[in-house]
$ cat data.pdb   # PDB, C-alpha atoms
ATOM      1  CA  MET A   1      12.954   3.546  -0.521
ATOM      2  CA  ASP A   2      15.983   2.786  -2.619
ATOM      3  CA  ILE A   3      14.279   0.021  -4.570
ATOM      4  CA  SER A   4      11.189   2.137  -5.289
ATOM      5  CA  LEU A   5      13.372   4.921  -6.694
ATOM      6  CA  LEU A   6      14.994   2.296  -8.909
ATOM      7  CA  ALA A   7      11.540   1.230 -10.109
ATOM      8  CA  PHE A   8      10.616   4.818 -11.003
ATOM      9  CA  ALA A   9      13.913   5.281 -12.865
ATOM     10  CA  HIS A  10      13.176   2.078 -14.775
ATOM     11  CA  ILE A  11       9.728   3.449 -15.639
ATOM     12  CA  LEU A  12      11.296   6.584 -17.148
ATOM     13  CA  VAL A  13      13.707   4.520 -19.270
ATOM     14  CA  ALA A  14      10.848   2.241 -20.362
ATOM     15  CA  ALA A  15       8.796   5.315 -21.324
ATOM     16  CA  ALA A  16      11.607   6.501 -23.611
ATOM     17  CA  VAL A  17      11.913   3.052 -25.236
ATOM     18  CA  CYS A  18       8.148   2.726 -25.798
ATOM     19  CA  TRP A  19       7.950   6.292 -27.146
ATOM     20  CA  LEU A  20      10.634   5.581 -29.731
ATOM     21  CA  ASN A  21       9.034   2.256 -30.672
ATOM     22  CA  PHE A  22       5.547   3.514 -31.377
ATOM     23  CA  ILE A  23       6.546   6.835 -32.939
ATOM     24  CA  VAL A  24       8.985   5.165 -35.358
ATOM     25  CA  ILE A  25       6.495   2.492 -36.412
ATOM     26  CA  ASP A  26       3.576   4.919 -36.771
ATOM     27  CA  ILE A  27       5.577   7.318 -38.893
ATOM     28  CA  PHE A  28       7.014   4.471 -40.946
ATOM     29  CA  PHE A  29       3.486   3.274 -41.785
ATOM     30  CA  ARG A  30       2.455   6.804 -42.873
ATOM     31  CA  LEU A  31      -0.145   7.503 -40.207
ATOM     32  CA  PRO A  32       0.331  11.315 -40.325
ATOM     33  CA  GLU A  33      -0.376  11.446 -44.051
ATOM     34  CA  ALA A  34      -4.184  11.562 -43.842
ATOM     35  CA  GLY A  35      -7.030  10.709 -41.503
ATOM     36  CA  GLY A  36      -8.126   7.073 -41.814
ATOM     37  CA  VAL A  37     -11.791   7.768 -41.023
ATOM     38  CA  VAL A  38     -13.908  10.919 -41.020
ATOM     39  CA  GLY A  39     -13.532  11.353 -37.268
ATOM     40  CA  ALA A  40      -9.729  11.287 -37.386
ATOM     41  CA  THR A  41      -9.699  13.993 -40.058
ATOM     42  CA  ALA A  42     -12.055  16.149 -38.000
ATOM     43  CA  ILE A  43      -9.903  15.772 -34.869
ATOM     44  CA  GLY A  44      -6.832  16.807 -36.888
ATOM     45  CA  LYS A  45      -8.607  19.903 -38.173
ATOM     46  CA  HIS A  46      -9.801  20.898 -34.702
ATOM     47  CA  ILE A  47      -6.266  20.526 -33.329
ATOM     48  CA  GLU A  48      -4.972  22.672 -36.164
ATOM     49  CA  ALA A  49      -7.565  25.329 -35.351
ATOM     50  CA  LYS A  50      -6.253  25.454 -31.770
ATOM     51  CA  GLY A  51      -2.773  26.298 -33.048
ATOM     52  CA  GLY A  52      -1.203  22.966 -33.946
ATOM     53  CA  ALA A  53       0.026  21.442 -37.178
ATOM     54  CA  LEU A  54      -2.234  19.538 -39.562
ATOM     55  CA  HIS A  55      -0.288  16.312 -40.115
ATOM     56  CA  GLY A  56       0.466  15.859 -36.419
ATOM     57  CA  GLY A  57      -3.245  16.360 -35.770
ATOM     58  CA  TYR A  58      -4.086  13.653 -38.304
ATOM     59  CA  MET A  59      -1.740  11.253 -36.513
ATOM     60  CA  MET A  60      -3.309  12.060 -33.130
ATOM     61  CA  GLY A  61      -6.751  11.497 -34.626
ATOM     62  CA  ASN A  62      -5.639   8.167 -36.031
ATOM     63  CA  ILE A  63      -4.301   7.119 -32.624
ATOM     64  CA  VAL A  64      -7.639   8.042 -31.045
ATOM     65  CA  SER A  65      -9.893   6.329 -33.547
ATOM     66  CA  SER A  66      -8.090   3.064 -34.221
ATOM     67  CA  PRO A  67      -5.677   0.827 -32.255
ATOM     68  CA  ASP A  68      -2.278   1.490 -33.829
ATOM     69  CA  ALA A  69       1.301   0.837 -32.704
ATOM     70  CA  SER A  70       0.794   2.585 -29.356
ATOM     71  CA  ALA A  71      -2.038   0.216 -28.457
ATOM     72  CA  GLY A  72       0.094  -2.649 -29.744
ATOM     73  CA  THR A  73       2.957  -1.657 -27.441
ATOM     74  CA  LEU A  74       0.676  -1.395 -24.411
ATOM     75  CA  LEU A  75      -1.097  -4.704 -25.003
ATOM     76  CA  ALA A  76       2.179  -6.481 -25.783
ATOM     77  CA  SER A  77       3.569  -5.256 -22.451
ATOM     78  CA  CYS A  78       0.431  -6.551 -20.716
ATOM     79  CA  GLY A  79       0.741  -9.892 -22.498
ATOM     80  CA  VAL A  80       4.425 -10.323 -21.653
ATOM     81  CA  PHE A  81       3.720  -9.316 -18.054
ATOM     82  CA  ILE A  82       1.026 -11.961 -17.702
ATOM     83  CA  ALA A  83       2.155 -14.866 -19.889
ATOM     84  CA  GLY A  84       5.548 -14.231 -21.509
ATOM     85  CA  ILE A  85       6.112 -14.437 -25.266
ATOM     86  CA  PRO A  86       2.853 -16.360 -26.063
ATOM     87  CA  GLY A  87       0.884 -13.662 -24.259
ATOM     88  CA  GLY A  88       2.456 -11.018 -26.466
ATOM     89  CA  LEU A  89       1.552 -12.916 -29.605
ATOM     90  CA  LEU A  90      -2.024 -13.419 -28.365
ATOM     91  CA  ALA A  91      -2.169  -9.653 -27.814
ATOM     92  CA  ALA A  92      -0.998  -9.148 -31.415
ATOM     93  CA  LEU A  93      -3.900 -11.288 -32.637
ATOM     94  CA  LEU A  94      -6.361  -9.287 -30.515
ATOM     95  CA  VAL A  95      -4.947  -5.991 -31.824
ATOM     96  CA  TYR A  96      -5.393  -7.242 -35.381
ATOM     97  CA  ILE A  97      -9.052  -8.111 -34.668
ATOM     98  CA  GLY A  98      -9.555  -4.675 -33.112
ATOM     99  CA  ASN A  99      -8.005  -3.020 -36.140
ATOM    100  CA  ARG A 100     -10.361  -4.849 -38.455
ATOM    101  CA  ILE A 101     -13.348  -3.776 -36.313
ATOM    102  CA  CYS A 102     -12.280  -0.110 -36.587
ATOM    103  CA  HIS A 103     -11.931   0.003 -40.420
ATOM    104  CA  ASP A 104      -8.129  -0.050 -40.489
ATOM    105  CA  PRO A 105      -5.747  -2.228 -42.517
ATOM    106  CA  GLY A 106      -3.962  -3.214 -39.313
ATOM    107  CA  TYR A 107      -0.322  -3.269 -40.380
ATOM    108  CA  ALA A 108       0.902  -0.655 -37.896
ATOM    109  CA  GLY A 109      -0.797  -2.172 -34.853
ATOM    110  CA  THR A 110       0.287  -5.740 -35.526
ATOM    111  CA  THR A 111       3.883  -4.781 -36.382
ATOM    112  CA  GLY A 112       4.158  -2.597 -33.299
ATOM    113  CA  CYS A 113       2.755  -5.341 -31.094
ATOM    114  CA  ILE A 114       5.151  -8.028 -32.344
ATOM    115  CA  SER A 115       8.222  -5.783 -32.183
ATOM    116  CA  ALA A 116       7.252  -4.556 -28.697
ATOM    117  CA  THR A 117       6.850  -8.159 -27.536
ATOM    118  CA  PHE A 118      10.469  -8.945 -28.343
ATOM    119  CA  ILE A 119      11.760  -5.595 -27.070
ATOM    120  CA  VAL A 120      10.038  -6.034 -23.702
ATOM    121  CA  TYR A 121      11.172  -9.648 -23.441
ATOM    122  CA  GLY A 122      14.725  -8.580 -24.217
ATOM    123  CA  PHE A 123      14.674  -5.880 -21.541
ATOM    124  CA  THR A 124      13.663  -8.437 -18.889
ATOM    125  CA  PHE A 125      17.229  -9.806 -19.125
ATOM    126  CA  LEU A 126      18.552  -6.364 -18.094
ATOM    127  CA  GLY A 127      16.600  -6.390 -14.826
ATOM    128  CA  PHE A 128      13.485  -4.579 -16.073
ATOM    129  CA  SER A 129      10.026  -5.869 -15.212
ATOM    130  CA  PRO A 130       7.275  -5.899 -17.905
ATOM    131  CA  ALA A 131       5.052  -4.018 -15.430
ATOM    132  CA  GLU A 132       7.413  -1.070 -15.762
ATOM    133  CA  PHE A 133       6.839  -1.111 -19.500
ATOM    134  CA  ILE A 134       3.059  -0.888 -18.995
ATOM    135  CA  ALA A 135       3.519   2.241 -16.868
ATOM    136  CA  GLY A 136       6.109   3.539 -19.324
ATOM    137  CA  MET A 137       3.697   3.234 -22.239
ATOM    138  CA  VAL A 138       0.966   5.037 -20.295
ATOM    139  CA  LEU A 139       3.471   7.806 -19.552
ATOM    140  CA  ALA A 140       4.560   7.965 -23.204
ATOM    141  CA  ILE A 141       1.016   8.301 -24.540
ATOM    142  CA  ALA A 142       0.323  10.952 -21.896
ATOM    143  CA  THR A 143       3.191  13.030 -23.272
ATOM    144  CA  ILE A 144       1.727  12.881 -26.786
ATOM    145  CA  GLN A 145      -2.023  13.160 -26.200
ATOM    146  CA  GLY A 146      -2.347  14.583 -22.716
ATOM    147  CA  ILE A 147      -0.059  17.547 -22.053
ATOM    148  CA  SER A 148      -0.284  20.076 -24.869
ATOM    149  CA  HIS A 149      -1.971  19.305 -28.165
ATOM    150  CA  PRO A 150      -0.428  22.150 -30.244
ATOM    151  CA  ARG A 151       3.147  21.373 -29.208
ATOM    152  CA  ALA A 152       2.756  17.604 -29.647
ATOM    153  CA  SER A 153       1.208  18.016 -33.105
ATOM    154  CA  ARG A 154       3.981  20.404 -34.173
ATOM    155  CA  LEU A 155       6.613  17.884 -33.033
ATOM    156  CA  LEU A 156       4.898  15.027 -34.908
ATOM    157  CA  SER A 157       4.534  17.175 -37.991
ATOM    158  CA  ARG A 158       8.258  17.980 -37.935
ATOM    159  CA  LEU A 159       9.079  14.262 -37.686
ATOM    160  CA  TRP A 160       6.719  13.573 -40.587
ATOM    161  CA  GLU A 161       8.597  16.175 -42.690
ATOM    162  CA  VAL A 162      11.818  14.272 -41.951
ATOM    163  CA  ARG A 163      10.224  10.972 -42.995
ATOM    164  CA  ARG A 164       8.795  12.415 -46.207
ATOM    165  CA  GLY A 165      12.141  13.925 -47.099
TER     166      GLY A 165
ATOM    167  CA  MET B 166       6.098  -5.276   1.455
ATOM    168  CA  SER B 167       2.465  -5.864   2.374
ATOM    169  CA  GLY B 168       2.265  -2.369   3.866
ATOM    170  CA  GLY B 169       3.283  -0.841   0.543
ATOM    171  CA  TRP B 170       0.797  -2.993  -1.289
ATOM    172  CA  ILE B 171      -2.068  -1.848   0.929
ATOM    173  CA  ALA B 172      -1.100   1.805   0.410
ATOM    174  CA  VAL B 173      -1.016   1.451  -3.384
ATOM    175  CA  ASN B 174      -4.275  -0.491  -3.338
ATOM    176  CA  ASP B 175      -5.901   2.351  -1.430
ATOM    177  CA  LEU B 176      -4.511   4.814  -3.952
ATOM    178  CA  ILE B 177      -6.036   2.870  -6.854
ATOM    179  CA  VAL B 178      -9.404   2.561  -5.094
ATOM    180  CA  GLY B 179      -9.378   6.298  -4.430
ATOM    181  CA  ALA B 180      -8.372   7.121  -8.002
ATOM    182  CA  CYS B 181     -11.152   4.988  -9.480
ATOM    183  CA  GLY B 182     -13.661   6.491  -7.060
ATOM    184  CA  VAL B 183     -12.590   9.963  -8.175
ATOM    185  CA  LEU B 184     -13.026   8.873 -11.808
ATOM    186  CA  ILE B 185     -16.568   7.630 -11.139
ATOM    187  CA  VAL B 186     -17.523  10.833  -9.303
ATOM    188  CA  ILE B 187     -16.046  13.088 -12.026
ATOM    189  CA  GLY B 188     -17.763  11.083 -14.772
ATOM    190  CA  THR B 189     -21.145  11.163 -13.063
ATOM    191  CA  MET B 190     -21.006  14.883 -12.264
ATOM    192  CA  LEU B 191     -19.976  15.714 -15.837
ATOM    193  CA  THR B 192     -22.753  13.523 -17.246
ATOM    194  CA  ILE B 193     -25.291  15.424 -15.167
ATOM    195  CA  LYS B 194     -23.830  18.851 -15.971
ATOM    196  CA  GLU B 195     -23.281  18.695 -19.740
ATOM    197  CA  ALA B 196     -26.085  19.673 -22.142
ATOM    198  CA  ASP B 197     -24.813  18.348 -25.481
ATOM    199  CA  PRO B 198     -25.542  14.598 -25.988
ATOM    200  CA  PHE B 199     -22.076  13.921 -27.427
ATOM    201  CA  ARG B 200     -20.417  15.398 -24.372
ATOM    202  CA  LYS B 201     -22.722  13.354 -22.156
ATOM    203  CA  LEU B 202     -21.577  10.178 -23.922
ATOM    204  CA  ILE B 203     -17.884  11.073 -23.510
ATOM    205  CA  SER B 204     -18.467  11.655 -19.804
ATOM    206  CA  LEU B 205     -20.177   8.269 -19.541
ATOM    207  CA  GLY B 206     -16.959   6.828 -20.982
ATOM    208  CA  ILE B 207     -15.068   8.201 -17.968
ATOM    209  CA  MET B 208     -17.561   6.555 -15.625
ATOM    210  CA  ILE B 209     -17.300   3.140 -17.303
ATOM    211  CA  GLY B 210     -13.494   3.423 -17.142
ATOM    212  CA  GLY B 211     -13.695   4.018 -13.424
ATOM    213  CA  VAL B 212     -16.022   1.051 -12.883
ATOM    214  CA  MET B 213     -13.901  -1.535 -14.725
ATOM    215  CA  PRO B 214     -11.047  -1.964 -12.150
ATOM    216  CA  PHE B 215     -13.595  -2.633  -9.383
ATOM    217  CA  ILE B 216     -15.028  -5.517 -11.420
ATOM    218  CA  VAL B 217     -11.571  -6.918 -12.218
ATOM    219  CA  ASP B 218     -10.357  -6.569  -8.617
ATOM    220  CA  ARG B 219     -12.868  -9.175  -7.419
ATOM    221  CA  GLY B 220     -11.750 -11.669 -10.086
ATOM    222  CA  LEU B 221     -14.845 -11.345 -12.295
ATOM    223  CA  LEU B 222     -12.913 -11.267 -15.564
ATOM    224  CA  ASP B 223     -15.782 -12.719 -17.620
ATOM    225  CA  VAL B 224     -18.125  -9.995 -16.356
ATOM    226  CA  ALA B 225     -15.421  -7.452 -17.189
ATOM    227  CA  ILE B 226     -15.164  -8.715 -20.774
ATOM    228  CA  ALA B 227     -18.955  -8.596 -21.157
ATOM    229  CA  VAL B 228     -19.171  -5.037 -19.769
ATOM    230  CA  ALA B 229     -16.260  -3.892 -21.944
ATOM    231  CA  LEU B 230     -18.066  -5.120 -25.060
ATOM    232  CA  ILE B 231     -21.605  -4.060 -24.127
ATOM    233  CA  ALA B 232     -20.804  -0.450 -23.108
ATOM    234  CA  PRO B 233     -19.541   0.711 -26.569
ATOM    235  CA  LEU B 234     -22.409  -1.108 -28.279
ATOM    236  CA  SER B 235     -24.951   0.773 -26.160
ATOM    237  CA  THR B 236     -23.113   4.003 -26.979
ATOM    238  CA  ILE B 237     -23.380   3.241 -30.696
ATOM    239  CA  PHE B 238     -27.104   2.535 -30.392
ATOM    240  CA  THR B 239     -27.543   5.809 -28.523
ATOM    241  CA  LEU B 240     -25.587   7.658 -31.220
ATOM    242  CA  MET B 241     -28.102   6.488 -33.818
ATOM    243  CA  ILE B 242     -30.766   8.780 -32.355
ATOM    244  CA  CYS B 243     -28.573  11.874 -31.997
ATOM    245  CA  ARG B 244     -27.103  12.006 -35.466
ATOM    246  CA  ARG B 245     -26.428  15.489 -36.766
ATOM    247  CA  GLY B 246     -28.297  16.561 -39.894
ATOM    248  CA  GLU B 247     -27.128  15.535 -43.324
ATOM    249  CA  PRO B 248     -23.412  14.877 -43.873
TER     250      PRO B 248
ATOM    251  CA  MET C 249       7.500  -1.035  -3.388
ATOM    252  CA  THR C 250       7.776  -3.704  -6.023
ATOM    253  CA  PRO C 251       7.809  -2.662  -9.710
ATOM    254  CA  GLN C 252       4.191  -3.746 -10.021
ATOM    255  CA  GLU C 253       3.073  -1.359  -7.282
ATOM    256  CA  ALA C 254       5.065   1.534  -8.713
ATOM    257  CA  ALA C 255       3.506   0.925 -12.139
ATOM    258  CA  LEU C 256       0.025   0.738 -10.606
ATOM    259  CA  ALA C 257       0.548   4.062  -8.821
ATOM    260  CA  VAL C 258       1.736   5.752 -12.028
ATOM    261  CA  CYS C 259      -1.285   4.438 -13.963
ATOM    262  CA  GLY C 260      -3.740   5.657 -11.307
ATOM    263  CA  ILE C 261      -2.225   9.129 -11.139
ATOM    264  CA  ILE C 262      -2.252   9.522 -14.922
ATOM    265  CA  ALA C 263      -5.894   8.347 -15.094
ATOM    266  CA  VAL C 264      -6.998  11.041 -12.640
ATOM    267  CA  TYR C 265      -4.894  13.667 -14.452
ATOM    268  CA  ALA C 266      -6.504  12.781 -17.787
ATOM    269  CA  ALA C 267     -10.000  12.951 -16.285
ATOM    270  CA  VAL C 268      -9.339  16.408 -14.838
ATOM    271  CA  ARG C 269      -7.937  17.699 -18.137
ATOM    272  CA  LEU C 270     -10.940  16.202 -19.968
ATOM    273  CA  ALA C 271     -13.336  17.986 -17.621
ATOM    274  CA  MET C 272     -11.636  21.334 -18.273
ATOM    275  CA  GLU C 273     -11.470  21.046 -22.093
ATOM    276  CA  GLN C 274     -14.177  23.040 -23.899
ATOM    277  CA  ASP C 275     -14.099  21.716 -27.473
ATOM    278  CA  THR C 276     -15.954  18.409 -27.922
ATOM    279  CA  LEU C 277     -13.583  16.781 -30.410
ATOM    280  CA  ARG C 278     -10.490  17.847 -28.487
ATOM    281  CA  LYS C 279     -11.850  15.948 -25.465
ATOM    282  CA  LEU C 280     -11.281  12.627 -27.256
ATOM    283  CA  PRO C 281      -7.440  12.452 -26.962
ATOM    284  CA  PHE C 282      -7.778  12.812 -23.196
ATOM    285  CA  LEU C 283     -10.337   9.994 -23.185
ATOM    286  CA  ASN C 284      -7.738   7.940 -25.067
ATOM    287  CA  VAL C 285      -5.110   8.596 -22.374
ATOM    288  CA  LEU C 286      -7.670   7.591 -19.741
ATOM    289  CA  SER C 287      -8.422   4.314 -21.491
ATOM    290  CA  PHE C 288      -4.682   3.540 -21.809
ATOM    291  CA  ALA C 289      -4.300   4.029 -18.058
ATOM    292  CA  ILE C 290      -7.353   1.910 -17.210
ATOM    293  CA  THR C 291      -6.120  -0.866 -19.520
ATOM    294  CA  GLY C 292      -2.819  -0.881 -17.642
ATOM    295  CA  VAL C 293      -4.626  -1.016 -14.292
ATOM    296  CA  ILE C 294      -6.763  -3.963 -15.471
ATOM    297  CA  ALA C 295      -3.691  -5.940 -16.522
ATOM    298  CA  LEU C 296      -1.657  -5.019 -13.423
ATOM    299  CA  ILE C 297      -4.261  -5.543 -10.733
ATOM    300  CA  LEU C 298      -4.941  -9.235 -11.501
ATOM    301  CA  PRO C 299      -2.331 -11.202 -13.516
ATOM    302  CA  HIS C 300      -4.430 -13.981 -15.037
ATOM    303  CA  PRO C 301      -4.444 -15.242 -18.671
ATOM    304  CA  LEU C 302      -7.987 -13.971 -19.231
ATOM    305  CA  GLY C 303      -6.715 -10.556 -18.153
ATOM    306  CA  ILE C 304      -5.089 -10.100 -21.567
ATOM    307  CA  VAL C 305      -8.459 -10.646 -23.242
ATOM    308  CA  ALA C 306     -10.203  -8.337 -20.774
ATOM    309  CA  ALA C 307      -7.648  -5.567 -21.300
ATOM    310  CA  ALA C 308      -7.781  -5.897 -25.086
ATOM    311  CA  ALA C 309     -11.594  -5.974 -25.072
ATOM    312  CA  TYR C 310     -11.780  -2.848 -22.950
ATOM    313  CA  PHE C 311      -9.258  -1.021 -25.106
ATOM    314  CA  VAL C 312     -10.840  -1.972 -28.431
ATOM    315  CA  GLY C 313     -14.286  -1.120 -27.091
ATOM    316  CA  SER C 314     -13.158   2.284 -25.908
ATOM    317  CA  THR C 315     -11.476   2.986 -29.246
ATOM    318  CA  LEU C 316     -14.594   1.954 -31.138
ATOM    319  CA  GLU C 317     -16.659   4.274 -28.935
ATOM    320  CA  SER C 318     -14.333   7.222 -29.640
ATOM    321  CA  ASN C 319     -14.396   6.419 -33.348
ATOM    322  CA  ALA C 320     -18.196   6.323 -33.445
ATOM    323  CA  ILE C 321     -18.574   9.530 -31.422
ATOM    324  CA  ALA C 322     -16.114  11.452 -33.619
ATOM    325  CA  SER C 323     -17.570  10.159 -36.863
ATOM    326  CA  THR C 324     -21.148  10.894 -35.852
ATOM    327  CA  TYR C 325     -20.230  14.355 -34.567
ATOM    328  CA  VAL C 326     -18.977  15.471 -37.964
ATOM    329  CA  GLY C 327     -21.670  13.797 -40.041
ATOM    330  CA  GLY C 328     -21.769  10.303 -41.486
ATOM    331  CA  LEU C 329     -21.270   7.280 -39.274
ATOM    332  CA  ASP C 330     -18.232   5.120 -40.104
ATOM    333  CA  ARG C 331     -17.782   6.331 -43.631
ATOM    334  CA  ARG C 332     -14.352   6.325 -45.239
ATOM    335  CA  GLU C 333     -13.106   9.463 -46.886
TER     336      GLU C 333
END
$ encode --input "data.pdb" --output "structure tokens"
Amino acid sequence: MDISLLAFAHILVAAAVCWLNFIVIDIFFRLPEAGGVVGATAIGKHIEAKGGALHGGYMMGNIVSSPDASAGTLLASCGVFIAGIPGGLLAALLVYIGNRICHDPGYAGTTGCISATFIVYGFTFLGFSPAEFIAGMVLAIATIQGISHPRASRLLSRLWEVRRG
Amino acid sequence: MSGGWIAVNDLIVGACGVLIVIGTMLTIKEADPFRKLISLGIMIGGVMPFIVDRGLLDVAIAVALIAPLSTIFTLMICRRGEP
Amino acid sequence: MTPQEAALAVCGIIAVYAAVRLAMEQDTLRKLPFLNVLSFAITGVIALILPHPLGIVAAAAYFVGSTLESNAIASTYVGGLDRRE
């Protein structure tokens, strides 16, 4: 029982690390500025109509309609779990192909994937398992997209105000 | 350790079964074609781990690529008016 | 429980949670973020349940396919298909 509680504590820490990684990279690459495709813009406007903020809604629409840094973090964790550093780099290549399929320049996804590869590999020296980072990323995306859309979009919009200055 | 593994494996099988049942019921119940397609997405998501669990990774890759393509072909006939 | 089993349990629980929230949501476009959470969880399950090198390709193919499906549904729902603004 003790070791399973340790695994769940590791999952919570990994969720915080993944959350910081993908939010920082997405906001650095200006995802909340505008919707990349028509569908992302429409999702942002519907979230705003429910009571959220517009720029946070745009970022949630962009996450839905194109693989960005969150997908890069998840697939890099899967790659490191299965095959170590080369698996993470293969995942970065696949994320880039997916970005090109979905009409996106692909900087955010590829950067997030490569940085997450090295972060996850570094945390394995502290006793973490890459499997815990997969669960942590699922938990992190559930806090953004799955719990409350108005609150999450207001939080993202506030972070975007900080980035824009 | 094997006891824990069997318990978690049962949990995953149950979760994917619940996903398939929810997806199928929603697909039957919804009236709008777009909502039907989203519900079909739930059902495909529930089917994928059963294919992977038996080691059929090539079949899984083929299904993962064919399902969105069939959705796109279906979307061509339910396009909404003029943009 | 090993870390792999704990991660698998978390992914399964979040997948069912996302499906239930998706079933209760009324607006069509606001259903899509929940579908995204569901596809994240299923991608994690695919990679965790069978660690094999082709598993990376299978997980990435499922995720990119699901994203493309969401993109096409959202773009068609509001009008033109895959047209940049």
$ resolve_selection --input "data.pdb" --expression "the ChimeraX specification (/C :<7) & /A" --output "JSON, numbers by chain"
{"A": [3, 4, 7, 8, 37, 38, 39, 42, 43, 46, 47, 64, 65, 66, 67, 75, 78, 79, 82, 83, 91, 94, 98, 102, 129, 131, 132, 134, 135, 138, 141, 142, 145, 146]}
$ write_last_selection --input "data.pdb" --atoms "C-alpha atoms" --output "compact mmCIF listing (two decimals), keeping the file's coordinate frame"
# COMPACT_ATOMS: atom_id res chain seq x y z
CA ILE A 3 14.28 0.02 -4.57
CA SER A 4 11.19 2.14 -5.29
CA ALA A 7 11.54 1.23 -10.11
CA PHE A 8 10.62 4.82 -11.00
CA VAL A 37 -11.79 7.77 -41.02
CA VAL A 38 -13.91 10.92 -41.02
CA GLY A 39 -13.53 11.35 -37.27
CA ALA A 42 -12.06 16.15 -38.00
CA ILE A 43 -9.90 15.77 -34.87
CA HIS A 46 -9.80 20.90 -34.70
CA ILE A 47 -6.27 20.53 -33.33
CA VAL A 64 -7.64 8.04 -31.04
CA SER A 65 -9.89 6.33 -33.55
CA SER A 66 -8.09 3.06 -34.22
CA PRO A 67 -5.68 0.83 -32.26
CA LEU A 75 -1.10 -4.70 -25.00
CA CYS A 78 0.43 -6.55 -20.72
CA GLY A 79 0.74 -9.89 -22.50
CA ILE A 82 1.03 -11.96 -17.70
CA ALA A 83 2.15 -14.87 -19.89
CA ALA A 91 -2.17 -9.65 -27.81
CA LEU A 94 -6.36 -9.29 -30.52
CA GLY A 98 -9.56 -4.68 -33.11
CA CYS A 102 -12.28 -0.11 -36.59
CA SER A 129 10.03 -5.87 -15.21
CA ALA A 131 5.05 -4.02 -15.43
CA GLU A 132 7.41 -1.07 -15.76
CA ILE A 134 3.06 -0.89 -19.00
CA ALA A 135 3.52 2.24 -16.87
CA VAL A 138 0.97 5.04 -20.30
CA ILE A 141 1.02 8.30 -24.54
CA ALA A 142 0.32 10.95 -21.90
CA GLN A 145 -2.02 13.16 -26.20
CA GLY A 146 -2.35 14.58 -22.72
$ resolve_selection --input "data.pdb" --expression "the PyMOL selection byres ((chain A and resi 116) around 9)" --output "ChimeraX atom specification"
/A:18,21-22,69,72-74,76-77,88,111-115,117-121
$ resolve_selection --input "data.pdb" --expression "the PyMOL selection byres ((chain B and resi 205-214) around 7)" --output "list in words"
Cys181, Gly182, Leu184, Ile185, Gly188, Thr189, Thr192, Lys201, Leu202, Ile203, Ser204, Phe215, Ile216, Val217, Asp218 and Ala225 of chain B; Ser287, Ile290, Val293 and Ile294 of chain C
$ axis_aligned_box --input "data.pdb" --around "range 288-300 of chain C" --padding-each-side "8 Å" --output "AutoDock Vina command-line options"
--center_x -4.5 --center_y -5.0 --center_z -16.3 --size_x 21.7 --size_y 34.0 --size_z 27.1
$ atom_distance --input "data.pdb" --atom1 "CA of Gly35 in chain A" --atom2 "CA of His55 in chain A"
8.9 Å
$ atom_distance --input "data.pdb" --atom1 "CA of Gly52 in chain A" --atom2 "CA of Leu155 in chain A"
9.4 Å
$ atom_distance --input "data.pdb" --atom1 "CA of Val224 in chain B" --atom2 "CA of Pro130 in chain A"
25.8 Å
$ interface_residues --input "data.pdb" --of "chain B" --to "chain C" --cutoff "9 Å" --atoms "all atoms listed in the file" --output "number ranges by chain"
B: 166, 169-170, 173-174, 176-181, 183-184, 187-188, 191, 199-200, 202-204, 206-207, 210-211, 213-214, 217-220, 222-223, 225-234, 236-237, 240-241, 243-248
